[in-house]
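Peer 1: Just so it is clear, I am handing over entry04.cif, which has mmCIF, C-alpha atoms.
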data_final
#
loop_
_atom_site.label_atom_id
_atom_site.label_comp_id
_atom_site.auth_asym_id
_atom_site.auth_seq_id
_atom_site.Cartn_x
_atom_site.Cartn_y
_atom_site.Cartn_z
CA MET A 1 -4.35 -6.48 66.49
CA ARG A 2 -2.43 -9.51 65.16
CA ILE A 3 -1.15 -7.38 62.30
CA VAL A 4 0.18 -4.82 64.78
CA PHE A 5 2.06 -7.44 66.80
CA ALA A 6 3.44 -8.99 63.60
CA ALA A 7 4.69 -5.58 62.48
CA LEU A 8 6.27 -4.91 65.87
CA PHE A 9 7.98 -8.30 65.86
CA THR A 10 9.28 -7.72 62.32
CA ILE A 11 10.69 -4.31 63.09
CA MET A 12 12.43 -5.50 66.26
CA ALA A 13 13.84 -8.49 64.41
CA ALA A 14 15.15 -6.22 61.68
CA ASP A 15 16.79 -4.01 64.28
CA ALA A 16 18.35 -7.04 65.96
CA GLN A 17 19.73 -8.24 62.62
CA ALA A 18 21.21 -4.80 62.05
CA HIS A 19 22.94 -5.08 65.43
CA GLU A 20 24.37 -8.45 64.52
CA ALA A 21 25.54 -7.15 61.16
CA GLY A 22 27.64 -4.49 62.83
CA ALA A 23 26.35 -2.55 65.77
CA GLU A 24 27.85 0.61 67.13
CA ALA A 25 28.40 1.43 70.76
CA GLY A 26 25.53 3.93 70.73
CA ASP A 27 22.94 1.42 69.55
CA PRO A 28 20.95 1.34 72.83
CA TRP A 29 19.84 4.86 71.90
CA ASN A 30 18.03 3.28 68.96
CA TYR A 31 15.72 1.39 71.31
CA LEU A 32 15.14 4.41 73.53
CA PHE A 33 14.39 6.94 70.80
CA VAL A 34 12.92 4.81 67.99
CA VAL A 35 11.92 1.21 68.61
CA LEU A 36 10.13 1.75 71.92
CA PRO A 37 8.15 4.86 70.80
CA LEU A 38 7.21 3.16 67.52
CA ALA A 39 6.03 0.04 69.33
CA LEU A 40 4.02 1.95 71.95
CA THR A 41 2.45 4.25 69.36
CA ALA A 42 1.35 1.36 67.15
CA LEU A 43 -0.07 -0.56 70.10
CA ALA A 44 -1.95 2.48 71.47
CA TYR A 45 -3.35 3.32 68.03
CA ALA A 46 -4.55 -0.25 67.47
CA ILE A 47 -6.30 -0.33 70.85
CA GLY A 48 -7.91 3.07 70.34
CA MET A 49 -9.03 2.35 66.79
CA ARG A 50 -10.58 -0.95 67.83
CA ARG A 51 -12.57 0.84 70.55
CA LEU A 52 -13.65 3.54 68.10
CA TRP A 53 -14.87 0.94 65.61
CA SER A 54 -16.86 -0.78 68.34
CA ALA A 55 -18.40 2.49 69.51
CA SER A 56 -19.21 3.97 66.09
CA ALA A 57 -20.26 1.57 63.36
CA ARG A 58 -21.34 4.45 61.10
CA GLY A 59 -17.83 5.91 61.02
CA GLN A 60 -15.99 2.69 60.18
CA THR A 61 -15.32 3.72 56.56
CA ILE A 62 -13.72 7.00 57.60
CA HIS A 63 -11.78 5.34 60.40
CA LEU A 64 -10.55 2.67 57.98
CA GLN A 65 -9.20 5.28 55.55
CA ARG A 66 -7.39 7.03 58.36
CA ALA A 67 -6.09 3.72 59.71
CA VAL A 68 -4.60 2.94 56.29
CA CYS A 69 -2.84 6.32 56.29
CA PHE A 70 -1.53 5.73 59.81
CA GLY A 71 -0.31 2.23 58.97
CA ALA A 72 1.46 3.44 55.83
CA GLY A 73 3.05 6.36 57.69
CA TRP A 74 4.15 4.07 60.51
CA LEU A 75 5.75 1.62 58.08
CA PHE A 76 7.60 4.39 56.24
CA LEU A 77 8.80 5.79 59.55
CA ALA A 78 10.03 2.37 60.63
CA ALA A 79 11.71 1.82 57.26
CA ALA A 80 13.54 5.11 57.61
CA LEU A 81 14.67 4.78 61.22
CA VAL A 82 15.05 1.06 61.99
CA SER A 83 15.78 -0.69 58.70
CA PRO A 84 19.30 -1.07 57.24
CA LEU A 85 18.71 2.32 55.58
CA ASP A 86 19.49 3.99 58.90
CA ARG A 87 22.78 2.11 59.21
CA LEU A 88 23.69 2.97 55.64
CA ALA A 89 22.85 6.64 56.26
CA THR A 90 25.88 7.01 58.55
CA GLN A 91 28.15 6.12 55.64
CA LEU A 92 26.37 7.34 52.54
CA PHE A 93 24.99 10.86 52.18
CA THR A 94 22.50 9.70 49.56
CA ALA A 95 20.97 7.20 51.99
CA HIS A 96 20.86 9.85 54.70
CA MET A 97 18.99 12.22 52.40
CA ILE A 98 16.49 9.51 51.46
CA GLU A 99 15.93 8.88 55.17
CA HIS A 100 15.27 12.57 55.84
CA GLU A 101 12.91 12.95 52.89
CA ILE A 102 10.90 9.91 53.99
CA LEU A 103 10.46 11.56 57.39
CA MET A 104 9.40 14.95 56.02
CA VAL A 105 7.50 14.39 52.78
CA ILE A 106 6.09 10.85 53.09
CA ALA A 107 5.64 9.72 56.71
CA ALA A 108 4.65 13.14 58.11
CA PRO A 109 1.77 13.89 55.68
CA LEU A 110 0.46 10.34 56.03
CA PHE A 111 0.34 10.70 59.81
CA VAL A 112 -1.41 14.06 59.45
CA LEU A 113 -4.01 12.57 57.10
CA SER A 114 -4.66 9.80 59.62
CA LYS A 115 -5.67 12.34 62.34
CA PRO A 116 -4.33 9.99 65.04
CA LEU A 117 -5.20 12.00 68.15
CA ALA A 118 -8.68 10.50 68.64
CA PRO A 119 -7.57 6.84 68.47
CA LEU A 120 -4.61 7.57 70.73
CA LEU A 121 -6.92 9.19 73.30
CA TRP A 122 -9.33 6.26 73.05
CA SER A 123 -6.48 3.91 73.91
CA LEU A 124 -6.54 5.39 77.42
CA PRO A 125 -8.94 4.23 80.14
CA GLN A 126 -12.32 5.89 79.80
CA LYS A 127 -11.90 7.95 82.98
CA LEU A 128 -8.70 9.54 81.67
CA ARG A 129 -9.74 10.42 78.09
CA ALA A 130 -11.65 13.62 78.82
CA SER A 131 -9.09 14.95 81.32
CA VAL A 132 -6.14 14.23 79.03
CA GLY A 133 -7.98 15.78 76.08
CA ARG A 134 -8.72 18.94 78.07
CA ALA A 135 -5.12 19.09 79.27
CA LEU A 136 -3.85 18.92 75.67
CA VAL A 137 -6.21 21.70 74.61
CA ARG A 138 -5.48 23.98 77.56
CA SER A 139 -1.78 23.25 78.03
CA VAL A 140 0.34 26.40 78.04
CA VAL A 141 3.36 24.34 76.98
CA LEU A 142 1.59 23.21 73.80
CA LEU A 143 0.21 26.67 73.01
CA PRO A 144 3.04 27.55 70.56
CA VAL A 145 2.50 24.23 68.80
CA ARG A 146 -1.24 24.86 68.48
CA LYS A 147 -0.64 28.36 67.13
CA ALA A 148 1.93 27.15 64.62
CA ALA A 149 -0.37 24.32 63.49
CA THR A 150 -3.08 26.84 62.61
CA ASN A 151 -0.82 29.46 61.04
CA GLN A 152 0.56 28.46 57.66
CA LEU A 153 3.21 31.18 57.57
CA ILE A 154 4.64 30.24 60.98
CA ALA A 155 4.51 26.51 60.20
CA THR A 156 6.25 26.96 56.85
CA GLY A 157 8.90 29.24 58.33
CA LEU A 158 9.53 26.89 61.27
CA HIS A 159 9.92 23.86 59.02
CA GLY A 160 12.10 25.72 56.54
CA ALA A 161 14.36 27.15 59.25
CA THR A 162 14.79 23.69 60.77
CA LEU A 163 15.74 22.24 57.38
CA TRP A 164 18.37 24.89 56.65
CA LEU A 165 19.72 25.03 60.21
CA TRP A 166 20.47 21.31 60.39
CA HIS A 167 22.26 21.46 57.03
CA ALA A 168 24.79 23.94 58.39
CA PRO A 169 28.10 22.01 58.27
CA ARG A 170 28.89 22.23 62.00
CA LEU A 171 25.44 21.06 63.12
CA TYR A 172 25.27 18.35 60.48
CA ASP A 173 28.69 16.98 61.45
CA ALA A 174 27.72 17.12 65.14
CA ALA A 175 24.58 15.09 64.38
CA LEU A 176 26.70 12.43 62.69
CA ALA A 177 29.22 12.38 65.54
CA GLU A 178 26.78 12.15 68.48
CA THR A 179 23.84 9.74 68.46
CA PRO A 180 21.55 11.83 70.75
CA ILE A 181 22.08 14.88 68.49
CA HIS A 182 21.37 12.70 65.48
CA TRP A 183 18.00 11.63 66.92
CA LEU A 184 17.27 15.24 67.87
CA GLN A 185 17.82 16.13 64.21
CA HIS A 186 15.40 13.43 63.08
CA LEU A 187 12.85 14.42 65.71
CA SER A 188 12.96 18.09 64.73
CA PHE A 189 12.63 17.24 61.02
CA PHE A 190 9.64 15.00 61.68
CA CYS A 191 7.83 17.19 64.24
CA THR A 192 8.16 20.41 62.25
CA ALA A 193 7.00 18.51 59.16
CA LEU A 194 3.92 17.35 61.09
CA ILE A 195 3.15 20.95 62.06
CA PHE A 196 3.77 22.11 58.48
CA TRP A 197 1.49 19.54 56.86
CA TRP A 198 -1.23 19.95 59.50
CA ALA A 199 -1.29 23.73 59.04
CA LEU A 200 -1.61 23.36 55.27
CA LEU A 201 -4.18 20.54 55.23
CA PHE A 202 -6.30 21.16 58.32
CA GLY A 203 -5.14 24.38 59.99
CA ARG A 204 -8.05 26.56 58.95
CA GLY A 205 -9.95 24.37 56.56
CA ARG A 206 -10.59 24.34 52.84
CA GLN A 207 -10.88 28.13 52.58
CA ASP A 208 -7.10 28.45 53.10
CA TYR A 209 -6.10 25.92 50.45
CA GLY A 210 -5.14 28.79 48.15
CA THR A 211 -2.48 30.06 50.54
CA ALA A 212 -1.47 26.46 51.32
CA ILE A 213 -0.65 26.00 47.63
CA PHE A 214 1.55 29.11 47.77
CA TYR A 215 3.43 27.82 50.82
CA LEU A 216 3.93 24.42 49.21
CA PHE A 217 5.51 26.07 46.17
CA ALA A 218 7.61 28.27 48.47
CA THR A 219 8.84 25.15 50.26
CA THR A 220 9.56 23.52 46.90
CA LEU A 221 11.69 26.52 45.93
CA HIS A 222 13.75 26.90 49.12
CA SER A 223 14.32 23.16 49.64
CA GLY A 224 15.11 22.79 45.95
CA PHE A 225 17.62 25.63 46.23
CA LEU A 226 19.32 23.82 49.12
CA GLY A 227 19.42 20.70 46.95
CA ILE A 228 20.97 22.74 44.13
CA LEU A 229 23.67 24.07 46.49
CA LEU A 230 24.55 20.50 47.48
CA SER A 231 24.48 19.28 43.87
CA PHE A 232 26.71 22.00 42.44
CA ALA A 233 29.16 22.39 45.33
CA ARG A 234 32.78 22.00 44.20
CA GLU A 235 33.84 20.12 47.34
CA PRO A 236 32.17 18.06 50.08
CA LEU A 237 30.52 20.30 52.66
CA TYR A 238 30.39 17.74 55.48
CA ARG A 239 33.60 16.08 56.64
CA SER A 240 32.09 12.98 58.24
CA GLN A 241 29.42 12.27 55.62
CA GLY A 242 30.05 10.02 52.65
CA ALA A 243 32.76 7.97 54.38
CA GLY A 244 31.47 4.78 52.78
CA ALA A 245 30.83 6.27 49.34
CA ALA A 246 33.94 4.63 47.87
CA SER A 247 32.58 1.15 48.55
CA TRP A 248 29.60 2.07 46.36
CA GLY A 249 31.80 3.35 43.54
CA LEU A 250 31.25 7.02 44.39
CA SER A 251 33.48 9.82 45.58
CA ALA A 252 32.36 11.88 48.58
CA LEU A 253 31.53 14.77 46.24
CA GLU A 254 29.48 12.57 43.90
CA ASP A 255 27.62 11.16 46.89
CA GLN A 256 26.79 14.69 48.05
CA GLN A 257 25.68 15.70 44.56
CA LEU A 258 23.34 12.72 44.30
CA ALA A 259 21.91 13.53 47.74
CA GLY A 260 21.28 17.11 46.65
CA LEU A 261 19.58 15.87 43.50
CA ILE A 262 17.22 13.73 45.60
CA MET A 263 16.27 16.74 47.71
CA TRP A 264 15.86 18.89 44.62
CA VAL A 265 13.84 16.68 42.23
CA PRO A 266 11.94 13.74 43.85
CA ALA A 267 11.11 15.63 47.07
CA GLY A 268 10.16 18.69 45.06
CA MET A 269 7.83 16.61 42.93
CA ILE A 270 5.99 15.43 46.05
CA TYR A 271 5.43 19.04 47.14
CA VAL A 272 4.18 19.91 43.64
CA ALA A 273 1.86 16.87 43.61
CA ALA A 274 0.46 17.92 47.01
CA ALA A 275 -0.08 21.46 45.70
CA LEU A 276 -1.94 20.15 42.66
CA ALA A 277 -4.11 17.91 44.86
CA LEU A 278 -4.97 20.89 47.07
CA ALA A 279 -5.72 22.99 44.00
CA ALA A 280 -8.13 20.34 42.72
CA ALA A 281 -9.84 20.13 46.13
CA TRP A 282 -9.99 23.91 46.36
CA ILE A 283 -11.51 24.33 42.90
CA GLY A 284 -13.90 21.43 43.50
CA GLY A 285 -15.03 22.98 46.78
CA SER A 286 -15.47 26.37 45.13
CA ASN A 287 -17.56 24.85 42.34
CA ALA A 288 -19.69 22.97 44.87
CA SER A 289 -20.21 26.14 46.88
CA PHE A 290 -21.06 28.09 43.72
CA ALA A 291 -23.53 25.40 42.67
CA GLY A 292 -25.09 25.46 46.12
CA GLU A 293 -25.38 29.24 46.02
CA SER A 294 -26.91 29.08 42.53
CA ASN A 295 -29.50 26.56 43.71
CA ASP A 296 -30.28 28.74 46.71
CA ASP A 297 -30.68 31.77 44.44
CA ALA A 298 -32.94 29.82 42.11
CA GLY A 299 -35.01 28.64 45.05
CA ALA A 300 -35.21 32.16 46.40
CA ARG A 301 -36.33 33.51 43.04
CA GLY A 302 -38.89 30.72 42.75
CA GLY A 303 -40.19 31.54 46.21
CA GLN A 304 -40.43 35.23 45.35
CA ALA A 305 -42.31 34.42 42.15
CA ALA A 306 -44.62 32.02 43.91
CA GLU A 307 -45.42 34.41 46.70
CA PRO A 308 -47.14 37.10 44.56
CA ASP A 309 -48.96 34.41 42.68
CA GLY A 310 -50.07 32.86 45.92
CA GLY A 311 -51.10 36.27 47.13
CA LEU A 312 -53.19 36.86 44.06
CA ARG A 313 -54.82 33.51 44.46
CA ASN A 314 -55.50 34.14 48.07
CA GLY A 315 -56.81 37.55 47.23
CA SER A 316 -59.06 36.25 44.48
CA HIS A 317 -60.27 33.55 46.81
CA ARG A 318 -61.06 36.08 49.49
CA SER A 319 -62.94 38.22 47.04
#
Let me see the structure of the file written as structure tokens.
Peer 2:
Amino acid sequence: MRIVFAALFTIMAADAQAHEAGAEAGDPWNYLFVVLPLALTALAYAIGMRRLWSASARGQTIHLQRAVCFGAGWLFLAAALVSPLDRLATQLFTAHMIEHEILMVIAAPLFVLSKPLAPLLWSLPQKLRASVGRALVRSVVLLPVRKAATNQLIATGLHGATLWLWHAPRLYDAALAETPIHWLQHLSFFCTALIFWWALLFGRGRQDYGTAIFYLFATTLHSGFLGILLSFAREPLYRSQGAGAASWGLSALEDQQLAGLIMWVPAGMIYVAAALALAAAWIGGSNASFAGESNDDAGARGGQAAEPDGGLRNGSHRS
């Protein structure tokens, strides 16, 4: 719990320093859309996880692994949205691209691996946990989200469409011009990434890892193609992006090309690494299943062989 409060204090101090360094008029939005939700989520998770550890000593190892994933995802999310990187992203396209990739390919899968719903529910009073859990499962409003999170095609298409839509010049420039639209962009990137990663990792279990690998490579291809378009464009595509590139020794076009390269290569490598990890888990699970089936077959054959023998013995005994 002390670690959580220390992290919250650090992130708020960093945000305050960013304000002092040069705050914009829209900065109160930062508290409403980022700092407050981050603080409340971390506090609720810490309370819920502590209660889970107290209630289930046998599951502490699993809970600890998930807590590490949650903590890492939370820190990456805070680094992307509250640190000086967020301020720099309004001036430098490269920084903005790094921010977006942290949201989609680092923080989102870490949160998914942490499976945070149980600790967050356990942060509630005991009388409310069951009712809130049932409401989440039965909610008509969340039905599309639940369907997308268990359908890899829908999840991949939704995430891909969101990525391409927000990189349309008019929408991208609008996000840079208006702070609420900017946070809506970040929220849509992060939420659709959560649905995407959940559908691939946990949507229908290990048996769908084969198709998950395909969708990861498909995402690598289409996001990489978008990165290539940005890298090889002959002129800047976004009027208001890259305004501070000159102070970093870059032209607006060079800044855009570097941003496209980051989307194309490093982000693509993360998707490929995830696909390889899923392939290893898939093959390992198949081998384990095959070994289990072989042992069952051997046991069945042994039982069949033993039964006639036993019958003969019983028969000879009876005679």
Peer 1: In Å, rounded to a single decimal, give me how far CA of Pro169 (chain A) is from CA of Ala218 (chain A).
Peer 2: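 We find that CA of Ala218 (chain A) and CA of Pro169 (chain A) lie 23.6 Å from each other.
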Peer 1: Do you know which residues are at most 9 Å from His63 (chain A) counting all atoms listed in the file, after dropping those on the same chain fewer than 5 positions away, and could you put them as number ranges by chain?
Peer 2: A: 49, 52-53, 68, 114
Peer 1: Quick one: which residues end up in the PyMOL selection byres ((chain A and resi 235) around 12) for this structure, as a PyMOL selection string?
Peer 2: chain A and resi 229-234+236-239+251-257
Peer 1: Counting all atoms listed in the file, which residues of region 157-188 of chain A fall within 12 Å of region 33-47 of chain A, and what is the closest atom pair for each with its distance in Å at one decimal, ordered by chain and rising number, as JSON lines?
Peer 2:
{"residue": "A:Thr179", "atom": "CA", "partner": "A:Phe33", "partner_atom": "CA", "distance": 10.1}
{"residue": "A:Pro180", "atom": "CA", "partner": "A:Phe33", "partner_atom": "CA", "distance": 8.7}
{"residue": "A:Ile181", "atom": "CA", "partner": "A:Phe33", "partner_atom": "CA", "distance": 11.3}
{"residue": "A:His182", "atom": "CA", "partner": "A:Phe33", "partner_atom": "CA", "distance": 10.5}
{"residue": "A:Trp183", "atom": "CA", "partner": "A:Phe33", "partner_atom": "CA", "distance": 7.1}
{"residue": "A:Leu184", "atom": "CA", "partner": "A:Phe33", "partner_atom": "CA", "distance": 9.3}
{"residue": "A:Gln185", "atom": "CA", "partner": "A:Phe33", "partner_atom": "CA", "distance": 11.8}
{"residue": "A:His186", "atom": "CA", "partner": "A:Phe33", "partner_atom": "CA", "distance": 10.1}
{"residue": "A:Leu187", "atom": "CA", "partner": "A:Phe33", "partner_atom": "CA", "distance": 9.2}
Peer 1: Can you translate the PyMOL selection byres ((chain A and resi 89-100) around 6) into the concrete residues it hits in this file, as number ranges by chain?
Peer 2: A: 80, 86-88, 101-103, 241-245, 255-256, 259
Peer 1: Which residue, A:Val105, A:Ala161, A:Leu200, A:Leu176, has the smallest gap to Met263 (chain A) when you use all atoms listed in the file?
Peer 2: A:Val105
Peer 1: Please provide as a PDB file with C-alpha atoms, keeping the file's coordinate frame all residues within 8 Å of Tyr215 (chain A), with the sequence filter that same-chain residues fewer than 2 positions apart are discarded (counting only C-alpha atoms).
Peer 2:
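File produced: out_8.pdb:
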ATOM      1  CA  GLN A 152       0.560  28.460  57.660  1.00  0.00           C
ATOM      2  CA  LEU A 153       3.210  31.180  57.570  1.00  0.00           C
ATOM      3  CA  THR A 156       6.250  26.960  56.850  1.00  0.00           C
ATOM      4  CA  THR A 211      -2.480  30.060  50.540  1.00  0.00           C
ATOM      5  CA  ALA A 212      -1.470  26.460  51.320  1.00  0.00           C
ATOM      6  CA  ILE A 213      -0.650  26.000  47.630  1.00  0.00           C
ATOM      7  CA  PHE A 217       5.510  26.070  46.170  1.00  0.00           C
ATOM      8  CA  ALA A 218       7.610  28.270  48.470  1.00  0.00           C
ATOM      9  CA  THR A 219       8.840  25.150  50.260  1.00  0.00           C
TER      10      THR A 219
END
Peer 1: Tell me which protein, DNA and RNA residues are within 12 Å of region 129-134 of chain A, counting all atoms listed in the file, leaving out same-chain ones fewer than 6 positions away, and put them as a tab-separated table (two decimals) with C-alpha atoms, in the frame of the given file.
Peer 2:
chain	number	residue	atom	x	y	z
A	48	GLY	CA	-7.91	3.07	70.34
A	117	LEU	CA	-5.20	12.00	68.15
A	118	ALA	CA	-8.68	10.50	68.64
A	119	PRO	CA	-7.57	6.84	68.47
A	120	LEU	CA	-4.61	7.57	70.73
A	121	LEU	CA	-6.92	9.19	73.30
A	122	TRP	CA	-9.33	6.26	73.05
A	123	SER	CA	-6.48	3.91	73.91
A	140	VAL	CA	0.34	26.40	78.04
A	142	LEU	CA	1.59	23.21	73.80
Peer 1: Between CA of Leu194 (chain A) and CA of Pro109 (chain A), what is the spacing in Å?
Peer 2: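 Computed distance, CA of Pro109 (chain A) to CA of Leu194 (chain A), equals 6.8 Å.
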Peer 1: To one decimal place, how far is CA of Leu81 (chain A) from CA of Leu113 (chain A) in Å?
Peer 2: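 It comes out at 20.7 Å.
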Peer 1: With only C-alpha atoms as the basis for distance, which of A:Phe70, A:Phe190, A:Trp198, A:Trp164 is at the shortest distance from Asn151 (chain A)?
Peer 2: A:Trp198
Peer 1: Check which residues satisfy the PyMOL selection byres ((chain A and resi 266) around 12) in the file shown, then give them as number ranges by chain.
Peer 2: A: 97-98, 101-102, 105-106, 220, 223-224, 227, 258-265, 267-273
Peer 1: Using all atoms listed in the file, which of A:Val137, A:Ala149, A:Lys115, A:Ala168 sits nearest Leu64 (chain A)?
Peer 2: A:Lys115
Peer 1: A:Ser240, A:Gly284, A:Arg206, A:Phe76: which is nearest Asp173 (chain A), counting all atoms listed in the file?
Peer 2: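 Among the listed residues, the smallest separation from Asp173 (chain A) belongs to A:Ser240.
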Peer 1: When distances are computed from all atoms listed in the file, which of A:Ala199, A:Leu163, A:Gln126, A:Leu136 shows the smallest separation from Ala148 (chain A)?
Peer 2: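 So, comparing all the options, the nearest one is A:Ala199.
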Peer 1: Would you mind completing region 90-108 of chain A so that it carries N, CA and C atoms, and writing it out as a PDB file, in the frame of the given file?
Peer 2:
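As a result, part26.pdb now contains:
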ATOM      1  N   THR A  90      24.696   6.492  57.869  1.00  0.00           N
ATOM      2  CA  THR A  90      25.880   7.010  58.550  1.00  0.00           C
ATOM      3  C   THR A  90      27.101   6.978  57.653  1.00  0.00           C
ATOM      4  N   GLN A  91      27.019   6.247  56.550  1.00  0.00           N
ATOM      5  CA  GLN A  91      28.150   6.120  55.640  1.00  0.00           C
ATOM      6  C   GLN A  91      27.928   6.800  54.303  1.00  0.00           C
ATOM      7  N   LEU A  92      26.674   6.867  53.882  1.00  0.00           N
ATOM      8  CA  LEU A  92      26.370   7.340  52.540  1.00  0.00           C
ATOM      9  C   LEU A  92      25.404   8.522  52.634  1.00  0.00           C
ATOM     10  N   PHE A  93      25.815   9.664  52.125  1.00  0.00           N
ATOM     11  CA  PHE A  93      24.990  10.860  52.180  1.00  0.00           C
ATOM     12  C   PHE A  93      23.670  10.657  51.437  1.00  0.00           C
ATOM     13  N   THR A  94      23.718   9.951  50.336  1.00  0.00           N
ATOM     14  CA  THR A  94      22.500   9.700  49.560  1.00  0.00           C
ATOM     15  C   THR A  94      21.461   8.965  50.395  1.00  0.00           C
ATOM     16  N   ALA A  95      21.892   7.941  51.126  1.00  0.00           N
ATOM     17  CA  ALA A  95      20.970   7.200  51.990  1.00  0.00           C
ATOM     18  C   ALA A  95      20.435   8.080  53.106  1.00  0.00           C
ATOM     19  N   HIS A  96      21.291   8.950  53.642  1.00  0.00           N
ATOM     20  CA  HIS A  96      20.860   9.850  54.700  1.00  0.00           C
ATOM     21  C   HIS A  96      19.800  10.826  54.186  1.00  0.00           C
ATOM     22  N   MET A  97      19.972  11.303  52.976  1.00  0.00           N
ATOM     23  CA  MET A  97      18.990  12.220  52.400  1.00  0.00           C
ATOM     24  C   MET A  97      17.664  11.508  52.152  1.00  0.00           C
ATOM     25  N   ILE A  98      17.723  10.284  51.659  1.00  0.00           N
ATOM     26  CA  ILE A  98      16.490   9.510  51.460  1.00  0.00           C
ATOM     27  C   ILE A  98      15.757   9.341  52.787  1.00  0.00           C
ATOM     28  N   GLU A  99      16.513   9.059  53.833  1.00  0.00           N
ATOM     29  CA  GLU A  99      15.930   8.880  55.170  1.00  0.00           C
ATOM     30  C   GLU A  99      15.211  10.162  55.608  1.00  0.00           C
ATOM     31  N   HIS A 100      15.873  11.303  55.432  1.00  0.00           N
ATOM     32  CA  HIS A 100      15.270  12.570  55.840  1.00  0.00           C
ATOM     33  C   HIS A 100      14.023  12.901  55.022  1.00  0.00           C
ATOM     34  N   GLU A 101      14.067  12.639  53.731  1.00  0.00           N
ATOM     35  CA  GLU A 101      12.910  12.950  52.890  1.00  0.00           C
ATOM     36  C   GLU A 101      11.727  12.038  53.215  1.00  0.00           C
ATOM     37  N   ILE A 102      11.983  10.793  53.566  1.00  0.00           N
ATOM     38  CA  ILE A 102      10.900   9.910  53.990  1.00  0.00           C
ATOM     39  C   ILE A 102      10.217  10.472  55.228  1.00  0.00           C
ATOM     40  N   LEU A 103      11.016  10.983  56.172  1.00  0.00           N
ATOM     41  CA  LEU A 103      10.460  11.560  57.390  1.00  0.00           C
ATOM     42  C   LEU A 103       9.571  12.764  57.085  1.00  0.00           C
ATOM     43  N   MET A 104      10.043  13.649  56.186  1.00  0.00           N
ATOM     44  CA  MET A 104       9.400  14.950  56.020  1.00  0.00           C
ATOM     45  C   MET A 104       8.298  14.981  54.962  1.00  0.00           C
ATOM     46  N   VAL A 105       8.459  14.237  53.881  1.00  0.00           N
ATOM     47  CA  VAL A 105       7.500  14.390  52.780  1.00  0.00           C
ATOM     48  C   VAL A 105       6.659  13.139  52.526  1.00  0.00           C
ATOM     49  N   ILE A 106       6.909  12.049  53.262  1.00  0.00           N
ATOM     50  CA  ILE A 106       6.090  10.850  53.090  1.00  0.00           C
ATOM     51  C   ILE A 106       5.417  10.465  54.415  1.00  0.00           C
ATOM     52  N   ALA A 107       6.220  10.164  55.429  1.00  0.00           N
ATOM     53  CA  ALA A 107       5.640   9.720  56.710  1.00  0.00           C
ATOM     54  C   ALA A 107       4.819  10.826  57.366  1.00  0.00           C
ATOM     55  N   ALA A 108       5.348  12.046  57.412  1.00  0.00           N
ATOM     56  CA  ALA A 108       4.650  13.140  58.110  1.00  0.00           C
ATOM     57  C   ALA A 108       3.270  13.430  57.519  1.00  0.00           C
TER      58      ALA A 108
END
